[in-house]
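Q: Data: start-v9.txt, compact mmCIF, C-alpha atoms.
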```
# COMPACT_ATOMS: atom_id res chain seq x y z
CA MET A 1 0.00 0.00 0.00
CA SER A 2 1.48 3.31 -1.03
CA GLU A 3 1.59 6.06 1.58
CA HIS A 4 -0.44 8.25 -0.75
CA ILE A 5 -4.10 7.59 -1.32
CA ALA A 6 -4.27 9.89 -4.34
CA SER A 7 -1.77 11.53 -6.67
CA PHE A 8 -2.10 14.25 -9.28
CA SER A 9 0.70 14.50 -11.79
CA ASN A 10 0.82 17.45 -14.16
CA VAL A 11 -2.93 17.64 -14.35
CA THR A 12 -4.55 20.25 -16.57
CA LYS A 13 -8.31 20.46 -16.91
CA LYS A 14 -10.09 22.60 -19.47
CA TYR A 15 -13.82 23.10 -19.73
CA LEU A 16 -14.67 24.19 -23.29
CA GLY A 17 -11.24 25.71 -23.72
CA GLN A 18 -11.34 27.48 -20.37
CA ILE A 19 -8.57 26.41 -18.05
CA ALA A 20 -9.89 25.24 -14.69
CA LEU A 21 -6.68 23.60 -13.49
CA ASN A 22 -3.24 24.36 -14.79
CA ASN A 23 -0.51 21.73 -14.50
CA VAL A 24 -1.23 20.64 -10.95
CA SER A 25 0.80 18.00 -9.11
CA PHE A 26 0.46 16.83 -5.52
CA ASP A 27 0.20 13.69 -3.38
CA LEU A 28 -2.51 13.18 -0.81
CA PRO A 29 -1.23 11.28 2.26
CA ARG A 30 -3.30 8.47 3.78
CA GLY A 31 -5.11 8.69 7.09
CA LYS A 32 -5.24 12.48 7.17
CA ILE A 33 -7.88 15.13 6.87
CA THR A 34 -6.83 17.55 4.15
CA ALA A 35 -8.67 20.71 3.15
CA LEU A 36 -8.64 22.60 -0.11
CA VAL A 37 -9.02 26.31 0.45
CA GLY A 38 -9.19 29.20 -1.98
CA PRO A 39 -11.56 31.68 -3.56
CA ASN A 40 -14.62 30.71 -5.58
CA GLY A 41 -13.74 29.46 -9.03
CA SER A 42 -10.16 28.64 -8.07
CA GLY A 43 -10.48 24.97 -9.00
CA LYS A 44 -11.30 23.27 -5.67
CA SER A 45 -14.39 21.44 -6.95
CA THR A 46 -12.57 20.44 -10.12
CA ILE A 47 -9.82 18.83 -8.05
CA LEU A 48 -12.40 16.90 -6.02
CA LYS A 49 -14.32 15.79 -9.13
CA LEU A 50 -11.10 14.63 -10.78
CA THR A 51 -10.22 12.69 -7.63
CA ALA A 52 -13.67 11.11 -7.62
CA GLY A 53 -13.21 10.10 -11.25
CA LEU A 54 -16.29 12.08 -12.25
CA VAL A 55 -14.38 14.17 -14.77
CA HIS A 56 -11.21 13.35 -16.66
CA PRO A 57 -8.05 15.40 -16.94
CA SER A 58 -7.37 17.10 -20.27
CA GLN A 59 -3.70 16.39 -19.65
CA GLY A 60 -1.78 14.52 -16.99
CA SER A 61 -3.03 11.74 -14.72
CA VAL A 62 -4.90 11.24 -11.46
CA THR A 63 -4.50 8.02 -9.52
CA VAL A 64 -6.50 6.90 -6.50
CA ASN A 65 -5.35 3.96 -4.43
CA GLY A 66 -2.96 3.08 -7.24
CA LYS A 67 -5.64 3.07 -9.94
CA THR A 68 -6.47 5.63 -12.59
CA ALA A 69 -9.35 7.78 -11.38
CA GLU A 70 -12.47 7.05 -13.43
CA ARG A 71 -16.08 6.02 -12.91
CA ARG A 72 -15.14 2.56 -11.76
CA ILE A 73 -13.37 3.78 -8.63
CA ALA A 74 -16.74 4.89 -7.22
CA GLY A 75 -16.59 1.83 -4.94
CA GLU A 76 -13.49 3.21 -3.25
CA VAL A 77 -14.47 6.85 -3.06
CA ALA A 78 -17.34 8.38 -1.12
CA TYR A 79 -18.14 11.68 -2.77
CA LEU A 80 -20.30 14.32 -1.15
CA SER A 81 -21.38 16.80 -3.78
CA GLU A 82 -21.94 20.47 -3.12
CA LEU A 83 -25.18 20.11 -5.07
CA ASP A 84 -28.43 18.67 -3.79
CA VAL A 85 -28.33 15.09 -4.97
CA LEU A 86 -30.98 13.50 -2.78
CA TYR A 87 -34.23 12.21 -4.24
CA PRO A 88 -37.00 14.43 -2.81
CA PHE A 89 -39.65 11.68 -2.92
CA PHE A 90 -37.68 9.27 -0.70
CA THR A 91 -37.97 9.31 3.07
CA VAL A 92 -34.77 9.50 5.12
CA ALA A 93 -34.98 5.75 5.79
CA GLU A 94 -35.54 5.00 2.08
CA THR A 95 -32.58 7.19 1.14
CA ILE A 96 -30.37 5.19 3.50
CA LYS A 97 -31.70 1.87 2.10
CA PHE A 98 -31.16 3.08 -1.45
CA ASN A 99 -27.54 4.03 -0.74
CA ALA A 100 -26.96 0.76 1.10
CA GLY A 101 -28.03 -1.02 -2.09
CA LEU A 102 -25.77 1.18 -4.19
CA PHE A 103 -22.51 0.73 -2.32
CA ALA A 104 -21.11 -2.55 -1.07
CA ASP A 105 -19.16 -0.79 1.70
CA PHE A 106 -22.21 0.96 3.14
CA ASP A 107 -22.49 0.23 6.87
CA GLU A 108 -26.18 0.32 7.81
CA GLN A 109 -25.51 0.01 11.51
CA LYS A 110 -23.24 3.02 11.40
CA ALA A 111 -25.92 4.86 9.44
CA GLN A 112 -28.40 4.15 12.25
CA GLU A 113 -25.95 5.46 14.83
CA ILE A 114 -25.36 8.66 12.90
CA LEU A 115 -29.10 8.97 12.33
CA SER A 116 -29.75 9.13 16.05
CA PHE A 117 -26.69 11.32 16.65
CA MET A 118 -28.01 13.79 14.07
CA GLN A 119 -31.57 13.45 15.40
CA LEU A 120 -33.00 12.93 11.96
CA ASP A 121 -36.53 11.55 11.64
CA PRO A 122 -36.29 8.44 9.41
CA SER A 123 -39.94 8.67 8.30
CA LYS A 124 -39.65 12.22 6.98
CA LYS A 125 -39.56 12.79 3.24
CA VAL A 126 -36.39 14.44 1.92
CA ARG A 127 -38.62 17.06 0.29
CA HIS A 128 -39.82 18.12 3.75
CA LEU A 129 -36.38 18.36 5.36
CA SER A 130 -34.85 21.72 6.19
CA LYS A 131 -31.64 22.65 4.39
CA GLY A 132 -29.70 21.92 7.55
CA ASN A 133 -31.17 18.45 7.84
CA ARG A 134 -30.47 17.74 4.16
CA GLY A 135 -26.85 18.73 4.89
CA ARG A 136 -26.85 16.31 7.84
CA LEU A 137 -28.31 13.54 5.72
CA LYS A 138 -25.65 14.02 3.04
CA ILE A 139 -22.93 13.79 5.65
CA LEU A 140 -24.58 10.68 7.08
CA LEU A 141 -24.46 9.01 3.66
CA ALA A 142 -20.80 9.86 3.16
CA LEU A 143 -19.73 8.81 6.67
CA SER A 144 -21.66 5.54 6.59
CA ARG A 145 -19.43 4.18 3.88
CA ARG A 146 -16.19 2.42 4.68
CA ALA A 147 -14.59 3.89 1.58
CA PRO A 148 -10.84 4.43 1.85
CA LEU A 149 -11.24 7.94 0.46
CA VAL A 150 -14.00 10.34 1.50
CA LEU A 151 -14.40 13.49 -0.60
CA MET A 152 -16.55 16.36 0.60
CA ASP A 153 -17.25 19.39 -1.53
CA GLU A 154 -18.20 22.28 0.76
CA PRO A 155 -19.85 20.13 3.46
CA LEU A 156 -20.53 23.18 5.64
CA ALA A 157 -21.56 25.76 3.06
CA GLY A 158 -24.78 27.61 3.77
CA LEU A 159 -25.50 25.80 7.02
CA ASP A 160 -26.07 27.42 10.40
CA PRO A 161 -23.50 27.14 13.24
CA VAL A 162 -25.42 24.42 15.09
CA VAL A 163 -25.57 22.21 12.01
CA ARG A 164 -21.93 22.93 11.16
CA ASP A 165 -20.94 21.93 14.67
CA SER A 166 -22.90 18.67 14.50
CA ILE A 167 -21.27 17.86 11.16
CA ILE A 168 -17.76 18.48 12.49
CA LYS A 169 -18.52 16.40 15.60
CA SER A 170 -19.87 13.55 13.50
CA MET A 171 -16.69 13.62 11.42
CA ILE A 172 -14.59 13.18 14.56
CA SER A 173 -16.82 10.40 15.88
CA TYR A 174 -17.50 8.35 12.80
CA LEU A 175 -14.45 8.59 10.57
CA ASP A 176 -11.89 5.88 10.91
CA LEU A 177 -8.58 7.54 10.13
CA GLN A 178 -6.75 4.25 10.50
CA GLU A 179 -8.55 3.16 7.35
CA GLN A 180 -9.87 6.32 5.79
CA THR A 181 -8.63 9.57 4.31
CA VAL A 182 -10.67 12.74 3.98
CA PHE A 183 -10.27 15.36 1.29
CA LEU A 184 -12.63 18.31 1.53
CA SER A 185 -13.06 21.83 0.25
CA THR A 186 -14.27 24.63 2.46
CA HIS A 187 -14.67 28.33 3.04
CA GLU A 188 -15.37 27.88 6.75
CA VAL A 189 -11.69 27.66 7.45
CA SER A 190 -11.51 28.79 11.06
CA GLU A 191 -14.27 26.39 11.99
CA VAL A 192 -12.71 23.27 10.54
CA GLU A 193 -9.13 24.21 11.39
CA PRO A 194 -9.00 22.13 14.60
CA VAL A 195 -9.92 18.96 12.72
CA LEU A 196 -7.51 19.40 9.82
CA ASP A 197 -4.13 17.81 9.35
CA LEU A 198 -3.13 19.43 6.08
CA VAL A 199 -4.23 22.29 3.96
CA ILE A 200 -3.77 23.01 0.28
CA SER A 201 -4.42 26.50 -0.99
CA VAL A 202 -5.57 26.93 -4.57
CA ARG A 203 -5.79 30.01 -6.71
CA GLU A 204 -6.63 30.42 -10.39
CA GLY A 205 -6.23 26.74 -11.12
CA GLN A 206 -2.89 26.37 -9.40
CA ILE A 207 -1.71 25.09 -6.06
CA ILE A 208 0.16 27.79 -4.22
CA GLY A 209 0.76 26.16 -0.89
CA MET A 210 0.47 22.84 0.93
CA ASP A 211 1.40 22.44 4.56
CA GLU A 212 0.50 20.86 7.88
CA VAL A 213 -1.78 23.04 9.96
CA ASP A 214 0.31 22.61 13.11
CA HIS A 215 3.42 23.37 11.10
CA ILE A 216 1.88 26.62 9.87
CA ARG A 217 1.21 27.64 13.45
CA GLU A 218 4.65 26.60 14.64
CA GLN A 219 6.62 28.02 11.76
CA TYR A 220 4.81 31.24 11.06
CA GLY A 221 2.75 31.75 14.22
CA LEU A 222 -0.27 32.16 12.01
CA SER A 223 -3.75 30.75 12.09
CA LEU A 224 -4.93 29.14 8.92
CA VAL A 225 -7.02 32.13 7.92
CA GLU A 226 -4.00 34.41 8.16
CA TRP A 227 -1.83 31.93 6.27
CA MET A 228 -4.45 31.73 3.56
CA LYS A 229 -4.58 35.48 3.23
CA GLU A 230 -0.80 35.56 2.92
CA THR A 231 -0.39 32.78 0.40
CA LEU A 232 -3.35 33.91 -1.66
CA ALA A 233 -2.24 37.53 -1.70
CA LYS A 234 1.17 36.83 -3.24
CA MET B 235 -17.46 20.85 25.00
CA ARG B 236 -15.43 22.52 22.30
CA GLN B 237 -12.36 24.31 23.55
CA THR B 238 -10.83 27.38 22.05
CA PHE B 239 -7.26 27.59 20.89
CA ASN B 240 -4.98 30.51 20.34
CA ASN B 241 -3.80 31.09 16.82
CA THR B 242 -0.09 31.15 17.19
CA GLN B 243 0.73 27.79 18.73
CA PRO B 244 0.26 24.31 17.35
CA ILE B 245 -2.96 22.82 18.69
CA TYR B 246 -1.24 19.65 19.90
CA LEU B 247 1.08 21.77 22.06
CA GLN B 248 -1.83 23.67 23.57
CA ILE B 249 -3.59 20.44 24.49
CA MET B 250 -0.35 19.02 25.93
CA ARG B 251 0.07 22.08 28.11
CA ARG B 252 -3.49 21.84 29.37
CA LEU B 253 -2.99 18.22 30.33
CA CYS B 254 0.32 18.97 32.03
CA ARG B 255 -1.33 21.71 34.05
CA GLN B 256 -4.08 19.34 35.09
CA VAL B 257 -1.43 16.91 36.27
CA VAL B 258 0.44 19.58 38.23
CA ARG B 259 -2.80 20.84 39.80
CA GLY B 260 -3.54 17.28 40.85
CA GLU B 261 -6.71 16.98 38.75
CA LEU B 262 -5.06 14.16 36.88
CA LYS B 263 -3.37 11.90 39.40
CA ALA B 264 -0.44 9.53 38.89
CA GLY B 265 -1.72 6.42 37.16
CA ALA B 266 -4.98 8.06 36.04
CA LYS B 267 -6.46 6.79 32.81
CA LEU B 268 -6.64 9.28 29.97
CA PRO B 269 -9.71 9.30 27.71
CA SER B 270 -9.39 7.28 24.51
CA VAL B 271 -8.08 9.14 21.49
CA ARG B 272 -11.55 9.44 20.01
CA GLU B 273 -13.19 10.54 23.26
CA MET B 274 -10.51 13.16 23.77
CA ALA B 275 -10.90 14.30 20.16
CA LEU B 276 -14.62 14.78 20.74
CA GLN B 277 -14.12 16.58 24.05
CA THR B 278 -11.66 19.02 22.53
CA GLY B 279 -13.20 19.18 19.05
CA VAL B 280 -9.98 18.32 17.25
CA ASN B 281 -8.74 15.73 14.81
CA PRO B 282 -7.98 12.29 16.35
CA ASN B 283 -4.55 12.43 14.67
CA THR B 284 -3.77 15.52 16.74
CA ILE B 285 -4.73 13.73 19.98
CA GLN B 286 -2.61 10.77 18.94
CA ARG B 287 0.29 13.16 18.58
CA VAL B 288 -0.41 14.64 22.03
CA TYR B 289 -0.34 11.18 23.61
CA THR B 290 2.81 10.20 21.72
CA GLU B 291 4.57 13.38 22.83
CA LEU B 292 3.49 12.91 26.45
CA GLU B 293 4.85 9.42 26.25
CA ARG B 294 8.13 10.66 24.82
CA LEU B 295 8.38 12.99 27.82
CA SER B 296 7.59 10.04 30.14
CA ILE B 297 4.52 11.83 31.47
CA ALA B 298 2.10 9.28 30.06
CA GLU B 299 2.36 5.67 29.02
CA THR B 300 0.36 3.50 26.70
CA ARG B 301 -0.66 0.06 27.85
CA ARG B 302 -1.33 -2.18 24.94
CA GLY B 303 -5.04 -2.67 24.43
CA LEU B 304 -5.91 -0.65 27.53
CA GLY B 305 -5.25 2.92 26.53
CA SER B 306 -3.10 5.74 27.83
CA TYR B 307 -2.36 6.47 31.48
CA ILE B 308 -0.56 9.20 33.37
CA THR B 309 2.71 7.72 34.57
CA GLU B 310 2.90 6.26 38.08
CA ASP B 311 6.42 7.57 38.36
CA THR B 312 5.79 10.27 40.98
CA PHE B 313 9.39 11.42 40.70
CA ARG B 314 8.81 12.29 37.05
CA LEU B 315 5.62 14.16 37.97
CA LYS B 316 7.47 16.17 40.63
CA GLN B 317 10.03 16.96 37.99
CA LEU B 318 7.27 18.11 35.65
CA ARG B 319 5.97 20.39 38.36
CA GLU B 320 9.42 21.95 38.71
CA GLU B 321 9.81 22.26 34.96
CA LEU B 322 6.52 24.11 34.58
CA LYS B 323 7.42 26.34 37.51
CA SER B 324 10.79 27.38 36.15
CA GLU B 325 9.33 27.81 32.66
CA GLN B 326 6.64 30.19 33.90
CA ILE B 327 8.96 32.09 36.19
CA GLY B 328 11.56 32.26 33.45
CA SER B 329 9.19 33.89 31.00
CA PHE B 330 7.95 36.26 33.72
CA ILE B 331 11.50 37.31 34.56
CA ALA B 332 12.38 37.79 30.90
CA ASP B 333 9.31 40.01 30.53
CA MET B 334 10.16 42.05 33.62
CA ARG B 335 13.78 42.54 32.56
CA GLU B 336 12.65 43.61 29.14
CA THR B 337 10.49 46.22 30.85
CA GLY B 338 13.54 47.43 32.78
CA PHE B 339 13.11 46.05 36.31
CA SER B 340 16.09 44.96 38.38
CA PRO B 341 16.15 41.56 40.14
CA GLU B 342 15.63 43.29 43.53
CA GLU B 343 12.61 45.18 42.25
CA ILE B 344 11.14 41.98 40.82
CA VAL B 345 11.57 40.03 44.06
CA ASP B 346 10.24 42.92 46.16
CA GLY B 347 7.30 43.38 43.82
CA VAL B 348 6.39 39.71 43.87
CA ARG B 349 6.62 39.55 47.68
CA LYS B 350 4.45 42.61 48.04
CA GLU B 351 1.79 41.30 45.68
CA LEU B 352 1.76 37.89 47.38
CA SER B 353 1.28 39.44 50.83
CA ASN B 354 -1.64 41.39 49.46
CA PRO B 355 -4.67 39.48 50.82
CA LYS B 356 -6.36 39.50 47.40
CA ALA B 357 -3.49 37.60 45.75
```
Write out the structure in this file as structure tokens.

A:
Amino acid sequence: MSEHIASFSNVTKKYLGQIALNNVSFDLPRGKITALVGPNGSGKSTILKLTAGLVHPSQGSVTVNGKTAERRIAGEVAYLSELDVLYPFFTVAETIKFNAGLFADFDEQKAQEILSFMQLDPSKKVRHLSKGNRGRLKILLALSRRAPLVLMDEPLAGLDPVVRDSIIKSMISYLDLQEQTVFLSTHEVSEVEPVLDLVISVREGQIIGMDEVDHIREQYGLSLVEWMKETLAK
Amino acid sequence: MRQTFNNTQPIYLQIMRRLCRQVVRGELKAGAKLPSVREMALQTGVNPNTIQRVYTELERLSIAETRRGLGSYITEDTFRLKQLREELKSEQIGSFIADMRETGFSPEEIVDGVRKELSNPKA
């Protein structure tokens, strides 16, 4: 087993001629929680989609767990989209059942635990859930899988502080960092900082910094937000 | 209970310091069991990897020890804990003295000042 769960080598991604990522290379270490930070449109979501195998690089290569990232790695990657991807006509319980049928590594017992931790009503239809509870349900689905790589695109965006807190707590409780790696993008940097190991800052399709959070504090005496401002301002 | 951290020090160091203070204050006694990595992560609201690092560092300093399959414990070596108490004392006093000197106080003034403040009933 390589010490890196995912690797980008010289990856360029263009959408209709527009460059979203420009010659990006990095290795994602196993068993860590790594965050992608950067302004809107900097390429964070593109990096996550490439890692999930949902889009393909225009140039270069992306490997996950030693395999080329493509549709077929979906069994090894749990991907939480920033979009609303739940079926509105399902109840919470049906959504869980549906996902359990979809993914071989889905742990229904864990899903039940997270369900009660999140205080979600299993009989409620997704359509009738508040935005916060839909956010909780999405997290539940991602955390219930024993996938070696968990990708989360803006898991906290647009949610109130109570929901954000419950999501962060559930990450600490239900992730298994002996077996799993988390790669997420976020704007709520100061909130997730205590749970991060590494941070990668992205701007205009390029990676401008990658470092350990504790190292940033030790070396520069800066919080992550300050470090971000510095690296992104250069 | 989420705890707050200052921005300029690694989080693992801040948690280590808190634990060391609890030991020195006697809240954590020699031989006391520490919460599991995950429990501690939840209590402090930080990444389990960070807590693992805290425990490893405490072990390296012989303040804690890990018993296979049982978890982490504060050492039963009371000599080491006395030593820790002295270390924290001289560290705190050292930084206080450095501060006072920087501000231009002589050793006599510092000692006099400290004595005066301590004899003040409010101290």

Q: Specify as a PyMOL selection string all residues of chain B found within 9 Å of chain A, counting only C-alpha atoms.

A: chain B and resi 239-246+272-273+275-276+278-284

Q: Padding 4 Å on every side, please: axis-aligned box over the listed atoms of range 315-328 of chain B, centre and edge lengths to one decimal in Å, as JSON.

A:
```
{"center_x": 8.6, "center_y": 23.2, "center_z": 36.6, "size_x": 13.9, "size_y": 26.1, "size_z": 16.0}
```

Q: So how many Å separate CA of Ser324 in chain B and CA of Lys356 in chain B, to one decimal?

A: 23.8 Å

Q: Using only C-alpha atoms, can you tell me which of B:Gln286, B:Lys263, B:Arg349, B:Ile249 comes closest to Asp311 in chain B?

A: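 So, comparing all the options, the nearest one is B:Lys263.
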
Q: From the list B:Ser270, B:Gln256, B:Thr238, B:Gln248, which residue is nearest Leu304 in chain B when using only C-alpha atoms?

A: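 Smallest separation from Leu304 in chain B among the options: B:Ser270.
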
Q: Neighbouring residues of range 68-70 of chain A were defined as those with any atom within 9 Å, considering only C-alpha atoms; residues of the same chain fewer than 4 positions away were excluded. Please report them as a PyMOL selection string.

A: chain A and resi 6+50-56+61-64+74

Q: Pull the neighbourhood of (-3.6, 10.7, 39.1) for me: all residues within 12 Å in file coordinates, counting all atoms listed in the file, as number ranges by chain.

A: B: 253-254, 256-268, 297-298, 307-312, 315

Q: Excluding range 139-155 of chain A and any residue of its chain fewer than 6 positions from it, enumerate the residues within 6 Å of it, using all atoms listed in the file, and give them as a PyMOL selection string.

A: chain A and resi 76-82+105-107+110-111+180-186

Q: In Å, with one decimal, what is the gap from CA of Ser9 in chain A to CA of Ser25 in chain A?

A: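 We find that CA of Ser9 in chain A and CA of Ser25 in chain A lie 4.4 Å from each other.
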
Q: When you count only C-alpha atoms, which of these residues is closest to Gly135 in chain A: A:Ser58, A:Ser166, A:Thr231, A:Asn40?

A: A:Ser166

Q: One decimal, Å: what's the distance from CA of Pro39 in chain A over to CA of Ala233 in chain A, could you say?

A: 11.2 Å

Q: Between B:Ser306, B:Leu352, B:Phe313, B:Met274, which is the closest to Glu293 in chain B once you count only C-alpha atoms?

A: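 So, comparing all the options, the nearest one is B:Ser306.
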
Q: With distances taken over all atoms listed in the file, which residue among B:Ile344, B:Ile331, B:Val271, B:Leu318 lies nearest Tyr289 in chain B?

A: B:Val271

Q: Counting all atoms listed in the file, which residues have an atom no more than 7 Å from (-28.6, 15.2, 9.6) in the file's coordinates? Please list them as a CSV table (one decimal) with C-alpha atoms, in the frame of the given file.

A:
```csv
chain,number,residue,atom,x,y,z
A,115,LEU,CA,-29.1,9.0,12.3
A,118,MET,CA,-28.0,13.8,14.1
A,119,GLN,CA,-31.6,13.4,15.4
A,120,LEU,CA,-33.0,12.9,12.0
A,133,ASN,CA,-31.2,18.4,7.8
A,134,ARG,CA,-30.5,17.7,4.2
A,135,GLY,CA,-26.8,18.7,4.9
A,136,ARG,CA,-26.8,16.3,7.8
A,137,LEU,CA,-28.3,13.5,5.7
A,140,LEU,CA,-24.6,10.7,7.1
```

Q: Near Leu232 in chain A, within 8 Å and counting all atoms listed in the file, which residues show up once chain neighbours fewer than 2 positions away are dropped, as a list in words?

A: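 Here the answer would be Gly38, Ser201, Val202, Arg203, Ile208, Met228, Lys229, Glu230 and Lys234 of chain A.
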
Q: Could you add all heavy atoms to range 276-284 of chain B and give me the result as a compact mmCIF listing (two decimals), in the coordinates of the input?

A:
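The resulting file, part.txt, is shown below:
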```txt
# COMPACT_ATOMS: atom_id res chain seq x y z
N LEU B 276 -13.27 14.22 20.66
CA LEU B 276 -14.62 14.78 20.74
C LEU B 276 -14.70 15.87 21.80
O LEU B 276 -15.30 16.92 21.59
CB LEU B 276 -15.62 13.67 21.08
CG LEU B 276 -16.23 12.99 19.87
CD1 LEU B 276 -17.10 11.83 20.32
CD2 LEU B 276 -17.05 13.98 19.04
N GLN B 277 -14.09 15.59 22.96
CA GLN B 277 -14.12 16.58 24.05
C GLN B 277 -13.49 17.90 23.62
O GLN B 277 -13.96 18.97 23.97
CB GLN B 277 -13.32 16.06 25.24
CG GLN B 277 -14.10 15.14 26.14
CD GLN B 277 -13.21 14.61 27.26
OE1 GLN B 277 -12.23 15.24 27.65
NE2 GLN B 277 -13.54 13.44 27.77
N THR B 278 -12.38 17.80 22.88
CA THR B 278 -11.66 19.02 22.53
C THR B 278 -12.06 19.55 21.16
O THR B 278 -11.69 20.67 20.81
CB THR B 278 -10.13 18.77 22.53
OG1 THR B 278 -9.89 17.54 21.85
CG2 THR B 278 -9.60 18.67 23.92
N GLY B 279 -12.79 18.75 20.38
CA GLY B 279 -13.20 19.18 19.05
C GLY B 279 -12.07 19.22 18.04
O GLY B 279 -12.08 20.02 17.13
N VAL B 280 -11.08 18.35 18.22
CA VAL B 280 -9.98 18.32 17.25
C VAL B 280 -9.85 16.94 16.61
O VAL B 280 -10.44 15.96 17.06
CB VAL B 280 -8.62 18.74 17.88
CG1 VAL B 280 -8.74 20.06 18.60
CG2 VAL B 280 -8.11 17.66 18.83
N ASN B 281 -9.04 16.92 15.57
CA ASN B 281 -8.74 15.73 14.81
C ASN B 281 -8.11 14.63 15.69
O ASN B 281 -7.20 14.91 16.46
CB ASN B 281 -7.73 16.20 13.76
CG ASN B 281 -7.39 15.17 12.75
OD1 ASN B 281 -7.26 14.01 13.08
ND2 ASN B 281 -7.24 15.61 11.53
N PRO B 282 -8.59 13.38 15.57
CA PRO B 282 -7.98 12.29 16.35
C PRO B 282 -6.47 12.16 16.13
O PRO B 282 -5.74 11.80 17.05
CB PRO B 282 -8.70 11.05 15.83
CG PRO B 282 -10.00 11.55 15.30
CD PRO B 282 -9.76 12.94 14.79
N ASN B 283 -6.00 12.49 14.92
CA ASN B 283 -4.55 12.43 14.67
C ASN B 283 -3.78 13.38 15.59
O ASN B 283 -2.68 13.09 16.03
CB ASN B 283 -4.24 12.81 13.22
CG ASN B 283 -4.63 11.73 12.23
OD1 ASN B 283 -4.66 10.55 12.58
ND2 ASN B 283 -4.96 12.12 11.02
N THR B 284 -4.41 14.54 15.86
CA THR B 284 -3.77 15.52 16.74
C THR B 284 -3.67 14.96 18.16
O THR B 284 -2.64 15.10 18.82
CB THR B 284 -4.59 16.83 16.75
OG1 THR B 284 -4.77 17.27 15.41
CG2 THR B 284 -3.90 17.92 17.56
```
